[in-house]
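File shown: coords.csv (CSV, C-alpha atoms).
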chain,number,residue,atom,x,y,z
S,1,MET,CA,-12.6,12.5,45.7
S,2,SER,CA,-14.7,9.5,46.4
S,3,TRP,CA,-13.5,5.9,47.0
S,4,GLU,CA,-15.1,4.8,43.7
S,5,ALA,CA,-13.4,7.6,41.7
S,6,MET,CA,-10.0,6.8,43.2
S,7,LEU,CA,-10.6,3.1,42.5
S,8,GLU,CA,-11.0,4.1,38.8
S,9,GLU,CA,-7.8,6.2,38.9
S,10,GLN,CA,-5.7,3.7,40.9
S,11,PRO,CA,-7.4,0.3,40.7
S,12,THR,CA,-4.3,-1.7,41.9
S,13,VAL,CA,-3.6,0.5,44.9
S,14,MET,CA,-7.2,0.8,46.0
S,15,SER,CA,-8.0,-2.9,45.6
S,16,LEU,CA,-5.0,-3.8,47.7
S,17,LEU,CA,-5.9,-1.4,50.5
S,18,GLU,CA,-9.5,-2.5,50.4
S,19,ARG,CA,-8.6,-6.1,50.9
S,20,SER,CA,-6.2,-5.3,53.7
S,21,MET,CA,-8.8,-3.3,55.6
S,22,ASN,CA,-11.6,-5.9,55.0
S,23,LYS,CA,-9.3,-8.6,56.4
S,24,ASP,CA,-8.0,-6.4,59.2
S,25,ARG,CA,-4.5,-6.8,58.0
S,26,VAL,CA,-3.5,-3.1,57.7
S,27,ALA,CA,0.2,-2.4,58.2
S,28,HIS,CA,1.2,0.1,60.9
S,29,ALA,CA,3.0,2.2,58.4
S,30,TYR,CA,2.8,2.9,54.7
S,31,ILE,CA,4.9,4.7,52.1
S,32,PHE,CA,2.8,6.0,49.3
S,33,GLU,CA,5.1,6.7,46.4
S,34,GLY,CA,4.1,8.3,43.1
S,35,LYS,CA,4.3,11.4,40.9
S,36,ALA,CA,2.4,14.6,41.8
S,37,GLY,CA,-1.2,14.2,40.9
S,38,ALA,CA,-1.3,10.5,41.3
S,39,GLY,CA,-3.7,10.7,44.2
S,40,LYS,CA,-1.5,9.8,47.1
S,41,ARG,CA,-3.0,12.4,49.5
S,42,GLU,CA,-6.5,11.7,48.4
S,43,THR,CA,-5.9,8.0,49.1
S,44,ALA,CA,-4.5,8.7,52.5
S,45,LEU,CA,-7.6,10.8,53.4
S,46,LEU,CA,-9.9,8.0,52.1
S,47,MET,CA,-8.1,5.4,54.1
S,48,ALA,CA,-8.5,7.6,57.3
S,49,GLN,CA,-12.2,8.1,56.5
S,50,ARG,CA,-12.6,4.4,56.1
S,51,PHE,CA,-11.6,3.9,59.8
S,52,PHE,CA,-13.7,6.7,61.2
S,53,CYS,CA,-16.8,6.9,59.0
S,54,VAL,CA,-20.0,6.5,61.0
S,55,GLU,CA,-21.7,4.5,58.3
S,56,ASN,CA,-19.3,1.6,59.0
S,57,SER,CA,-19.5,0.4,55.4
S,58,ALA,CA,-17.0,-1.1,53.0
S,59,VAL,CA,-16.1,2.4,51.7
S,60,PRO,CA,-16.4,5.8,53.5
S,61,CYS,CA,-19.5,7.8,52.8
S,62,GLY,CA,-17.6,11.1,52.5
S,63,GLU,CA,-20.6,13.0,53.9
S,64,CYS,CA,-20.8,12.2,57.6
S,65,ARG,CA,-19.3,14.5,60.2
S,66,GLU,CA,-16.2,12.3,60.7
S,67,CYS,CA,-15.5,12.1,57.0
S,68,ARG,CA,-15.9,15.9,56.5
S,69,ARG,CA,-13.6,16.7,59.4
S,70,ILE,CA,-10.9,14.5,57.9
S,71,THR,CA,-11.4,16.1,54.5
S,72,HIS,CA,-11.0,19.6,56.0
S,73,GLY,CA,-8.0,18.6,58.1
S,74,ASN,CA,-9.6,19.2,61.6
S,75,HIS,CA,-10.1,15.7,62.9
S,76,SER,CA,-8.6,15.1,66.3
S,77,GLU,CA,-7.3,11.7,65.5
S,78,VAL,CA,-5.8,12.5,62.1
S,79,MET,CA,-2.8,14.7,62.0
S,80,PHE,CA,-0.8,16.1,59.1
S,81,LEU,CA,2.8,17.0,58.8
S,82,GLN,CA,4.2,19.2,56.0
S,83,PRO,CA,7.5,20.8,55.3
S,84,GLU,CA,8.1,24.2,57.0
S,85,GLY,CA,10.1,26.0,54.3
S,86,ALA,CA,12.4,23.6,52.6
S,87,SER,CA,12.2,20.7,55.0
S,88,ILE,CA,10.4,18.8,57.7
S,89,LYS,CA,12.3,19.5,60.9
S,90,LYS,CA,13.0,17.5,64.0
S,91,ALA,CA,10.9,19.8,66.2
S,92,GLN,CA,7.8,19.1,64.0
S,93,VAL,CA,8.2,15.3,64.5
S,94,GLU,CA,8.7,15.8,68.2
S,95,MET,CA,5.5,17.9,68.4
S,96,LEU,CA,3.7,15.1,66.5
S,97,GLN,CA,5.0,12.6,69.1
S,98,LYS,CA,3.9,14.8,71.9
S,99,GLU,CA,0.4,15.2,70.6
S,100,PHE,CA,0.1,11.4,70.3
S,101,THR,CA,1.4,11.0,73.8
S,102,TYR,CA,-1.4,13.3,75.1
S,103,LYS,CA,-4.0,11.1,73.4
S,104,GLY,CA,-2.2,7.8,74.2
S,105,MET,CA,-4.6,6.8,77.0
S,106,GLU,CA,-7.4,6.4,74.5
S,107,ALA,CA,-7.7,3.1,72.6
S,108,ARG,CA,-8.8,4.7,69.4
S,109,LEU,CA,-6.6,4.6,66.4
S,110,LYS,CA,-4.4,7.6,65.7
S,111,ILE,CA,-3.4,8.4,62.1
S,112,TYR,CA,-0.6,10.7,60.9
S,113,ILE,CA,0.0,11.7,57.3
S,114,ILE,CA,3.4,13.1,56.4
S,115,GLU,CA,3.5,15.0,53.0
S,116,ASP,CA,6.8,15.2,51.1
S,117,ALA,CA,8.3,12.8,53.6
S,118,ASP,CA,11.6,12.7,51.6
S,119,ARG,CA,12.2,16.3,52.7
S,120,MET,CA,12.8,15.4,56.3
S,121,THR,CA,16.1,16.4,57.8
S,122,ALA,CA,18.3,13.6,59.1
S,123,SER,CA,17.4,14.4,62.7
S,124,ALA,CA,13.7,14.5,61.9
S,125,ALA,CA,13.9,11.1,60.1
S,126,ASN,CA,15.7,9.6,63.0
S,127,SER,CA,13.1,10.9,65.4
S,128,LEU,CA,10.4,9.5,63.2
S,129,LEU,CA,12.1,6.1,63.1
S,130,LYS,CA,12.0,5.8,66.8
S,131,PHE,CA,8.3,6.8,66.7
S,132,LEU,CA,7.6,4.1,64.1
S,133,GLU,CA,9.3,1.5,66.3
S,134,GLU,CA,7.8,2.5,69.6
S,135,PRO,CA,4.4,4.2,69.2
S,136,GLU,CA,2.6,5.3,72.4
S,137,SER,CA,-0.8,4.2,71.1
S,138,PRO,CA,-2.3,2.3,68.2
S,139,THR,CA,-1.1,4.3,65.2
S,140,LEU,CA,-1.2,4.3,61.4
S,141,ALA,CA,1.6,6.2,59.6
S,142,ILE,CA,1.2,7.2,56.0
S,143,LEU,CA,4.3,8.8,54.3
S,144,LEU,CA,3.7,10.5,51.0
S,145,THR,CA,6.6,11.0,48.6
S,146,GLU,CA,7.7,11.2,45.0
S,147,ASN,CA,11.1,9.8,45.9
S,148,ALA,CA,11.0,6.9,48.4
S,149,HIS,CA,14.7,6.2,47.8
S,150,PHE,CA,15.5,9.4,49.6
S,151,LEU,CA,14.0,8.0,52.8
S,152,LEU,CA,16.2,6.2,55.4
S,153,ASP,CA,16.6,2.5,54.6
S,154,THR,CA,15.5,1.8,58.1
S,155,ILE,CA,12.2,3.7,57.6
S,156,GLN,CA,11.6,2.0,54.3
S,157,SER,CA,12.1,-1.4,56.0
S,158,ARG,CA,9.5,-0.6,58.6
S,159,ALA,CA,6.8,0.5,56.2
S,160,GLN,CA,4.9,-1.1,53.4
S,161,LYS,CA,5.6,0.7,50.2
S,162,ILE,CA,2.8,1.2,47.7
S,163,SER,CA,3.6,2.6,44.3
S,164,PHE,CA,1.0,4.7,42.5
S,165,SER,CA,0.7,4.7,38.7
S,166,PRO,CA,1.5,8.0,37.1
S,167,PRO,CA,-1.6,10.2,36.7
S,168,SER,CA,-3.3,10.4,33.4
S,169,ILE,CA,-2.4,13.4,31.2
S,170,GLU,CA,-6.0,14.7,31.5
S,171,ARG,CA,-5.9,14.5,35.3
S,172,ARG,CA,-2.5,16.3,35.3
S,173,ARG,CA,-3.9,18.9,32.9
S,174,ARG,CA,-6.8,19.6,35.3
S,175,LEU,CA,-4.5,19.8,38.3
S,176,PHE,CA,-2.2,22.3,36.5
S,177,GLN,CA,-5.2,24.4,35.3
S,178,GLU,CA,-6.5,24.7,38.8
S,179,ARG,CA,-3.2,26.4,39.8
S,180,GLU,CA,-3.2,30.2,40.1
S,181,GLY,CA,-2.0,31.8,36.9
S,182,THR,CA,-1.9,28.7,34.8
S,183,GLY,CA,-4.1,28.9,31.7
S,184,GLU,CA,-5.3,26.2,29.4
S,185,ILE,CA,-2.3,26.5,27.0
S,186,ALA,CA,0.3,26.2,29.8
S,187,ALA,CA,-1.6,23.5,31.6
S,188,GLY,CA,-1.8,21.4,28.4
S,189,LEU,CA,2.0,21.5,27.9
S,190,LEU,CA,2.9,21.0,31.6
S,191,ALA,CA,0.6,17.9,31.8
S,192,LYS,CA,2.6,16.2,29.0
S,193,LEU,CA,6.1,17.0,30.2
S,194,PRO,CA,7.9,14.2,32.1
S,195,HIS,CA,9.7,16.8,34.3
S,196,VAL,CA,8.6,20.3,35.4
S,197,PRO,CA,11.3,22.9,36.3
S,198,GLU,CA,11.3,24.6,39.7
S,199,ARG,CA,10.1,28.3,39.6
S,200,GLU,CA,9.4,30.8,42.4
S,201,SER,CA,5.7,30.7,41.7
S,202,GLU,CA,3.1,28.9,39.7
S,203,ALA,CA,2.5,32.0,37.6
S,204,ALA,CA,6.2,32.2,36.9
S,205,LEU,CA,6.3,28.6,35.7
S,206,ALA,CA,3.3,29.2,33.5
S,207,GLU,CA,4.9,32.2,32.0
S,208,TRP,CA,8.2,30.4,31.3
S,209,ILE,CA,6.3,27.5,29.6
S,210,VAL,CA,4.3,29.9,27.4
S,211,GLN,CA,7.5,31.8,26.4
S,212,GLY,CA,9.2,28.5,25.6
S,213,ARG,CA,6.2,27.4,23.6
S,214,ASN,CA,6.3,30.6,21.5
S,215,LEU,CA,10.0,29.9,20.8
S,216,VAL,CA,9.1,26.4,19.5
S,217,ILE,CA,6.5,27.9,17.2
S,218,GLN,CA,9.0,30.6,15.9
S,219,LEU,CA,11.8,28.1,15.5
S,220,THR,CA,9.8,25.5,13.6
S,221,GLU,CA,8.6,28.2,11.2
S,222,GLU,CA,12.0,29.6,10.6
S,223,VAL,CA,13.9,26.3,10.3
S,224,HIS,CA,11.8,25.3,7.3
S,225,GLN,CA,11.9,28.7,5.6
S,226,ARG,CA,15.0,30.5,6.5
S,227,LEU,CA,17.6,28.5,8.4
S,228,HIS,CA,19.8,31.5,9.0
S,229,SER,CA,17.0,33.2,11.0
S,230,ALA,CA,16.5,30.0,13.0
S,231,LEU,CA,20.2,29.9,13.9
S,232,LEU,CA,20.0,33.5,15.1
S,233,THR,CA,16.9,32.7,17.2
S,234,LEU,CA,18.7,29.8,18.7
S,235,GLN,CA,21.6,32.0,19.7
S,236,ASP,CA,19.6,35.1,20.8
S,237,LYS,CA,16.6,33.5,22.5
S,238,TRP,CA,16.5,29.7,22.7
S,239,LEU,CA,19.7,29.1,24.6
S,240,GLY,CA,18.9,32.0,26.9
S,241,HIS,CA,15.5,30.7,27.8
S,242,PHE,CA,16.4,27.0,28.1
S,243,SER,CA,19.5,27.9,30.0
S,244,ASP,CA,20.7,24.6,31.5
S,245,ARG,CA,20.6,20.9,30.4
S,246,GLU,CA,17.4,20.1,32.3
S,247,GLU,CA,15.6,23.1,30.7
S,248,LEU,CA,17.0,22.3,27.3
S,249,ASP,CA,15.7,18.7,27.6
S,250,ILE,CA,12.2,20.3,28.3
S,251,GLY,CA,12.7,22.5,25.2
S,252,LEU,CA,13.4,19.4,23.1
S,253,ASP,CA,10.3,17.7,24.5
S,254,MET,CA,8.2,20.7,23.5
S,255,LEU,CA,9.8,20.6,20.0
S,256,LEU,CA,9.0,16.9,19.9
S,257,PHE,CA,5.3,17.6,20.7
S,258,TRP,CA,5.1,19.9,17.6
S,259,TYR,CA,6.3,17.2,15.2
S,260,ARG,CA,4.0,14.7,16.9
S,261,ASP,CA,1.2,17.1,16.3
S,262,LEU,CA,2.1,17.0,12.6
S,263,LEU,CA,1.6,13.2,12.7
S,264,SER,CA,-1.7,13.6,14.5
S,265,ILE,CA,-2.9,15.9,11.8
S,266,THR,CA,-1.8,13.4,9.2
S,267,TYR,CA,-3.7,10.6,10.9
S,268,GLY,CA,-6.7,12.7,11.6
S,269,SER,CA,-6.3,12.6,15.4
S,270,ASP,CA,-7.6,15.3,17.7
S,271,ASP,CA,-4.8,14.7,20.2
S,272,ILE,CA,-2.9,17.9,19.5
S,273,THR,CA,-0.7,19.7,22.0
S,274,TYR,CA,-0.5,23.0,20.1
S,275,PHE,CA,-4.3,23.0,19.6
S,276,ASP,CA,-4.5,26.7,18.9
S,277,GLN,CA,-2.0,26.3,16.0
S,278,LYS,CA,-4.1,23.6,14.2
S,279,ALA,CA,-4.5,25.7,11.0
S,280,THR,CA,-0.7,26.2,10.8
S,281,LEU,CA,0.0,22.5,11.6
S,282,GLU,CA,-2.5,21.5,8.8
S,283,ARG,CA,-0.6,23.7,6.4
S,284,VAL,CA,2.8,22.4,7.4
S,285,ALA,CA,1.6,18.8,7.4
S,286,LEU,CA,0.8,19.1,3.6
S,287,ARG,CA,4.5,19.7,2.9
S,288,PHE,CA,5.9,16.6,4.5
S,289,SER,CA,5.3,12.9,4.1
S,290,GLU,CA,4.8,10.7,7.1
S,291,MET,CA,8.4,9.3,6.8
S,292,GLU,CA,9.8,12.9,6.7
S,293,VAL,CA,8.0,13.8,9.9
S,294,VAL,CA,9.2,10.5,11.6
S,295,ALA,CA,12.8,11.3,10.5
S,296,ARG,CA,12.6,14.7,12.3
S,297,LEU,CA,11.1,13.0,15.4
S,298,GLN,CA,14.0,10.6,15.4
S,299,ALA,CA,16.5,13.5,15.1
S,300,ILE,CA,15.0,15.2,18.2
S,301,LEU,CA,15.1,11.9,20.2
S,302,GLU,CA,18.7,11.5,19.2
S,303,ALA,CA,19.5,15.1,20.3
S,304,LYS,CA,17.9,14.2,23.7
S,305,ARG,CA,20.1,11.2,24.0
S,306,ARG,CA,23.3,13.2,23.1
S,307,LEU,CA,22.3,15.9,25.6
S,308,ARG,CA,22.2,13.3,28.4
S,309,ALA,CA,25.7,12.2,27.2
S,310,ASN,CA,26.9,15.8,27.9
S,311,ALA,CA,27.2,17.0,24.3
S,312,ASN,CA,27.8,20.7,23.9
S,313,ALA,CA,24.3,22.3,24.0
S,314,GLN,CA,24.9,24.9,21.2
S,315,LEU,CA,26.6,22.5,18.8
S,316,LEU,CA,23.9,19.9,19.5
S,317,MET,CA,21.1,22.4,18.7
S,318,GLU,CA,22.8,23.8,15.6
S,319,HIS,CA,23.2,20.2,14.3
S,320,LEU,CA,19.5,19.5,15.1
S,321,LEU,CA,18.2,22.5,13.3
S,322,ILE,CA,20.1,21.5,10.1
S,323,GLN,CA,18.6,18.0,10.4
S,324,LEU,CA,15.1,19.4,10.9
S,325,GLN,CA,15.6,21.5,7.8
S,326,GLU,CA,16.9,18.7,5.7
S,327,GLY,CA,14.7,16.0,7.1
S,328,SER,CA,17.4,13.5,7.8
As structure tokens, what does this structure read like?
Amino acid sequence: MSWEAMLEEQPTVMSLLERSMNKDRVAHAYIFEGKAGAGKRETALLMAQRFFCVENSAVPCGECRECRRITHGNHSEVMFLQPEGASIKKAQVEMLQKEFTYKGMEARLKIYIIEDADRMTASAANSLLKFLEEPESPTLAILLTENAHFLLDTIQSRAQKISFSPPSIERRRRLFQEREGTGEIAAGLLAKLPHVPERESEAALAEWIVQGRNLVIQLTEEVHQRLHSALLTLQDKWLGHFSDREELDIGLDMLLFWYRDLLSITYGSDDITYFDQKATLERVALRFSEMEVVARLQAILEAKRRLRANANAQLLMEHLLIQLQEGS
């Protein structure tokens, strides 16, 4: 991604960094915090390119040899650290320190970018802390994380934290769709969910989302025509698929999207999550007034609130289905 494109995505972040670099007031360490897809890694690469680009302009060209090497991860002065398995280990940080020691006699800036920095083990974090305090050569550290509060307080105090705005839904949709096994339908739903469950693979996550989506379509059809069938679907399928509180909260979000789509149809908007169900949504929308749809949306939001208050999941859902049928 170019500097200009990133400036459009994250204007506050990019303007701040640009001013710092233009005035030669760059911190020795940064924490880039933000949700997946916010552009943290892209910004770190652009920042590195800004220092080494042969064009020596206000923004990196992205095309010169130095810029391309950084993009492809094979620049000698820019190193990356990523979790090995579930965490970043002490040995990885020590190896990073050793590499920088070898190059320490050169005056040129060295940059290291740590991805998922919150996943460092305690010993790795303590090793990094010492490196932040006593670098062997001019260095710039960029720590990328979705959860800065999981970093040591002492690391946070020695770095400038920059918060990235959440990515747009359209950007998240594109990112999800680029993943292996994630089609347009799954990507559209995943992009709108505030939280995405962990699965063993991207394909497994996409399959789980599509199955949950199909349950929402089935449940909303049954609840307005044959409540008894909806209660059976709840018992036999819904509670098995959305098997814990986090997953059930996602299921309620997906249910919420369906009723929001009914409002979108009423208002003539094209912003529809269940886009392939438009004909069904148009037919259902004719049966309800705007206030009746809003009442159902409020019932789902209240169910989400009660779920967070540890209400019994089955009783909560049974009560919700009755409310959705009655519209109150």
Report the distance between CA of Glu146 (chain S) and CA of Gly34 (chain S) in Å, rounded to one decimal place.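 Distance between the two atoms: 5.0 Å.
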Identify, on the basis of all atoms listed in the file, every residue whose closest approach to Gln92 (chain S) does not exceed 10 Å; exclude the query and any residue fewer than 6 positions from it along the same chain; express the result as a ChimeraX atom specification. /S:81-84,98,120,124,127-128
Find the residues near Gln325 (chain S): any atom within 8 Å, counting all atoms listed in the file, skip ones fewer than 5 places away on the same chain, and give them as a PyMOL selection string. chain S and resi 223-224+227
Could you state the separation of CA of Glu33 (chain S) and CA of Leu144 (chain S) in Å, given to one decimal place?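 Rounded to one decimal, the two atoms are 6.1 Å apart.
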CA of Arg226 (chain S) and CA of Glu318 (chain S) are how many Å apart?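 CA of Glu318 (chain S) lies 13.7 Å from CA of Arg226 (chain S).
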Would you list the contacts of Asn126 (chain S) as a ChimeraX atom specification, taking every protein, DNA or RNA residue within 9 Å and counting all atoms listed in the file, but skipping same-chain residues closer than 5 positions in sequence? /S:90,121,131,152,155
Would you mind listing what lies within 12 Å of Ser15 (chain S) as a list in words, with all atoms listed in the file counted and same-chain residues fewer than 2 positions away left out?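 Contacts, in chain order: Trp3, Glu4, Met6, Leu7, Glu8, Glu9, Gln10, Pro11, Thr12, Val13, Leu17, Glu18, Arg19, Ser20, Met21, Asn22, Thr43, Met47, Ala58, Val59 and Ile162 of chain S.
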For region 35-66 of chain S of the structure just presented, write N, CA and C atoms to a file, as an mmCIF file, in the first residue's frame.
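Dumped to selection.cif:
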data_model
loop_
_atom_site.group_PDB
_atom_site.id
_atom_site.type_symbol
_atom_site.label_atom_id
_atom_site.label_comp_id
_atom_site.auth_asym_id
_atom_site.auth_seq_id
_atom_site.Cartn_x
_atom_site.Cartn_y
_atom_site.Cartn_z
ATOM 1 N N LYS S 35 -7.018 -2.890 15.630
ATOM 2 C CA LYS S 35 -7.604 -4.164 15.230
ATOM 3 C C LYS S 35 -6.940 -4.696 13.966
ATOM 4 N N ALA S 36 -7.099 -6.004 13.745
ATOM 5 C CA ALA S 36 -6.595 -6.623 12.519
ATOM 6 C C ALA S 36 -7.195 -5.912 11.309
ATOM 7 N N GLY S 37 -6.349 -5.642 10.329
ATOM 8 C CA GLY S 37 -6.820 -4.967 9.127
ATOM 9 C C GLY S 37 -6.732 -3.459 9.193
ATOM 10 N N ALA S 38 -6.286 -2.910 10.333
ATOM 11 C CA ALA S 38 -6.210 -1.453 10.481
ATOM 12 C C ALA S 38 -5.030 -0.849 9.742
ATOM 13 N N GLY S 39 -4.079 -1.688 9.318
ATOM 14 C CA GLY S 39 -2.938 -1.186 8.551
ATOM 15 C C GLY S 39 -1.685 -0.960 9.377
ATOM 16 N N LYS S 40 -1.572 -1.622 10.528
ATOM 17 C CA LYS S 40 -0.399 -1.434 11.388
ATOM 18 C C LYS S 40 0.884 -1.885 10.695
ATOM 19 N N ARG S 41 0.852 -3.076 10.132
ATOM 20 C CA ARG S 41 2.057 -3.600 9.473
ATOM 21 C C ARG S 41 2.403 -2.772 8.241
ATOM 22 N N GLU S 42 1.399 -2.404 7.461
ATOM 23 C CA GLU S 42 1.635 -1.598 6.264
ATOM 24 C C GLU S 42 2.280 -0.269 6.640
ATOM 25 N N THR S 43 1.818 0.327 7.746
ATOM 26 C CA THR S 43 2.380 1.602 8.193
ATOM 27 C C THR S 43 3.818 1.439 8.652
ATOM 28 N N ALA S 44 4.105 0.350 9.359
ATOM 29 C CA ALA S 44 5.476 0.091 9.799
ATOM 30 C C ALA S 44 6.414 -0.049 8.592
ATOM 31 N N LEU S 45 5.966 -0.742 7.553
ATOM 32 C CA LEU S 45 6.776 -0.898 6.340
ATOM 33 C C LEU S 45 6.994 0.453 5.652
ATOM 34 N N LEU S 46 5.932 1.236 5.566
ATOM 35 C CA LEU S 46 6.048 2.557 4.937
ATOM 36 C C LEU S 46 7.000 3.452 5.720
ATOM 37 N N MET S 47 6.962 3.355 7.024
ATOM 38 C CA MET S 47 7.855 4.154 7.860
ATOM 39 C C MET S 47 9.311 3.749 7.607
ATOM 40 N N ALA S 48 9.536 2.436 7.527
ATOM 41 C CA ALA S 48 10.893 1.951 7.232
ATOM 42 C C ALA S 48 11.346 2.420 5.847
ATOM 43 N N GLN S 49 10.449 2.321 4.872
ATOM 44 C CA GLN S 49 10.780 2.768 3.524
ATOM 45 C C GLN S 49 11.124 4.253 3.500
ATOM 46 N N ARG S 50 10.428 5.019 4.317
ATOM 47 C CA ARG S 50 10.671 6.462 4.361
ATOM 48 C C ARG S 50 12.117 6.769 4.736
ATOM 49 N N PHE S 51 12.711 5.945 5.585
ATOM 50 C CA PHE S 51 14.092 6.167 6.011
ATOM 51 C C PHE S 51 15.119 5.724 4.966
ATOM 52 N N PHE S 52 14.781 4.709 4.172
ATOM 53 C CA PHE S 52 15.784 4.133 3.282
ATOM 54 C C PHE S 52 15.541 4.398 1.800
ATOM 55 N N CYS S 53 14.409 4.980 1.440
ATOM 56 C CA CYS S 53 14.087 5.212 0.034
ATOM 57 C C CYS S 53 15.166 6.080 -0.631
ATOM 58 N N VAL S 54 15.646 5.661 -1.783
ATOM 59 C CA VAL S 54 16.728 6.386 -2.471
ATOM 60 C C VAL S 54 16.247 7.704 -3.050
ATOM 61 N N GLU S 55 14.926 7.865 -3.198
ATOM 62 C CA GLU S 55 14.401 9.110 -3.753
ATOM 63 C C GLU S 55 14.537 10.271 -2.765
ATOM 64 N N ASN S 56 14.662 9.930 -1.472
ATOM 65 C CA ASN S 56 14.857 10.944 -0.430
ATOM 66 C C ASN S 56 13.785 12.034 -0.484
ATOM 67 N N SER S 57 12.533 11.618 -0.691
ATOM 68 C CA SER S 57 11.423 12.554 -0.789
ATOM 69 C C SER S 57 10.584 12.507 0.486
ATOM 70 N N ALA S 58 9.537 13.296 0.514
ATOM 71 C CA ALA S 58 8.695 13.374 1.707
ATOM 72 C C ALA S 58 7.979 12.059 1.997
ATOM 73 N N VAL S 59 7.708 11.298 0.944
ATOM 74 C CA VAL S 59 7.074 9.988 1.116
ATOM 75 C C VAL S 59 7.864 8.967 0.297
ATOM 76 N N PRO S 60 7.911 7.708 0.716
ATOM 77 C CA PRO S 60 8.674 6.700 -0.031
ATOM 78 C C PRO S 60 8.067 6.434 -1.397
ATOM 79 N N CYS S 61 8.925 6.139 -2.359
ATOM 80 C CA CYS S 61 8.430 5.892 -3.723
ATOM 81 C C CYS S 61 7.784 4.524 -3.856
ATOM 82 N N GLY S 62 8.245 3.553 -3.048
ATOM 83 C CA GLY S 62 7.704 2.198 -3.117
ATOM 84 C C GLY S 62 8.233 1.372 -4.262
ATOM 85 N N GLU S 63 9.035 1.977 -5.140
ATOM 86 C CA GLU S 63 9.486 1.284 -6.348
ATOM 87 C C GLU S 63 10.989 1.057 -6.406
ATOM 88 N N CYS S 64 11.759 1.836 -5.672
ATOM 89 C CA CYS S 64 13.217 1.687 -5.746
ATOM 90 C C CYS S 64 13.650 0.368 -5.107
ATOM 91 N N ARG S 65 14.909 0.038 -5.284
ATOM 92 C CA ARG S 65 15.437 -1.234 -4.769
ATOM 93 C C ARG S 65 15.273 -1.335 -3.254
ATOM 94 N N GLU S 66 15.563 -0.249 -2.548
ATOM 95 C CA GLU S 66 15.446 -0.270 -1.089
ATOM 96 C C GLU S 66 14.000 -0.491 -0.647
#
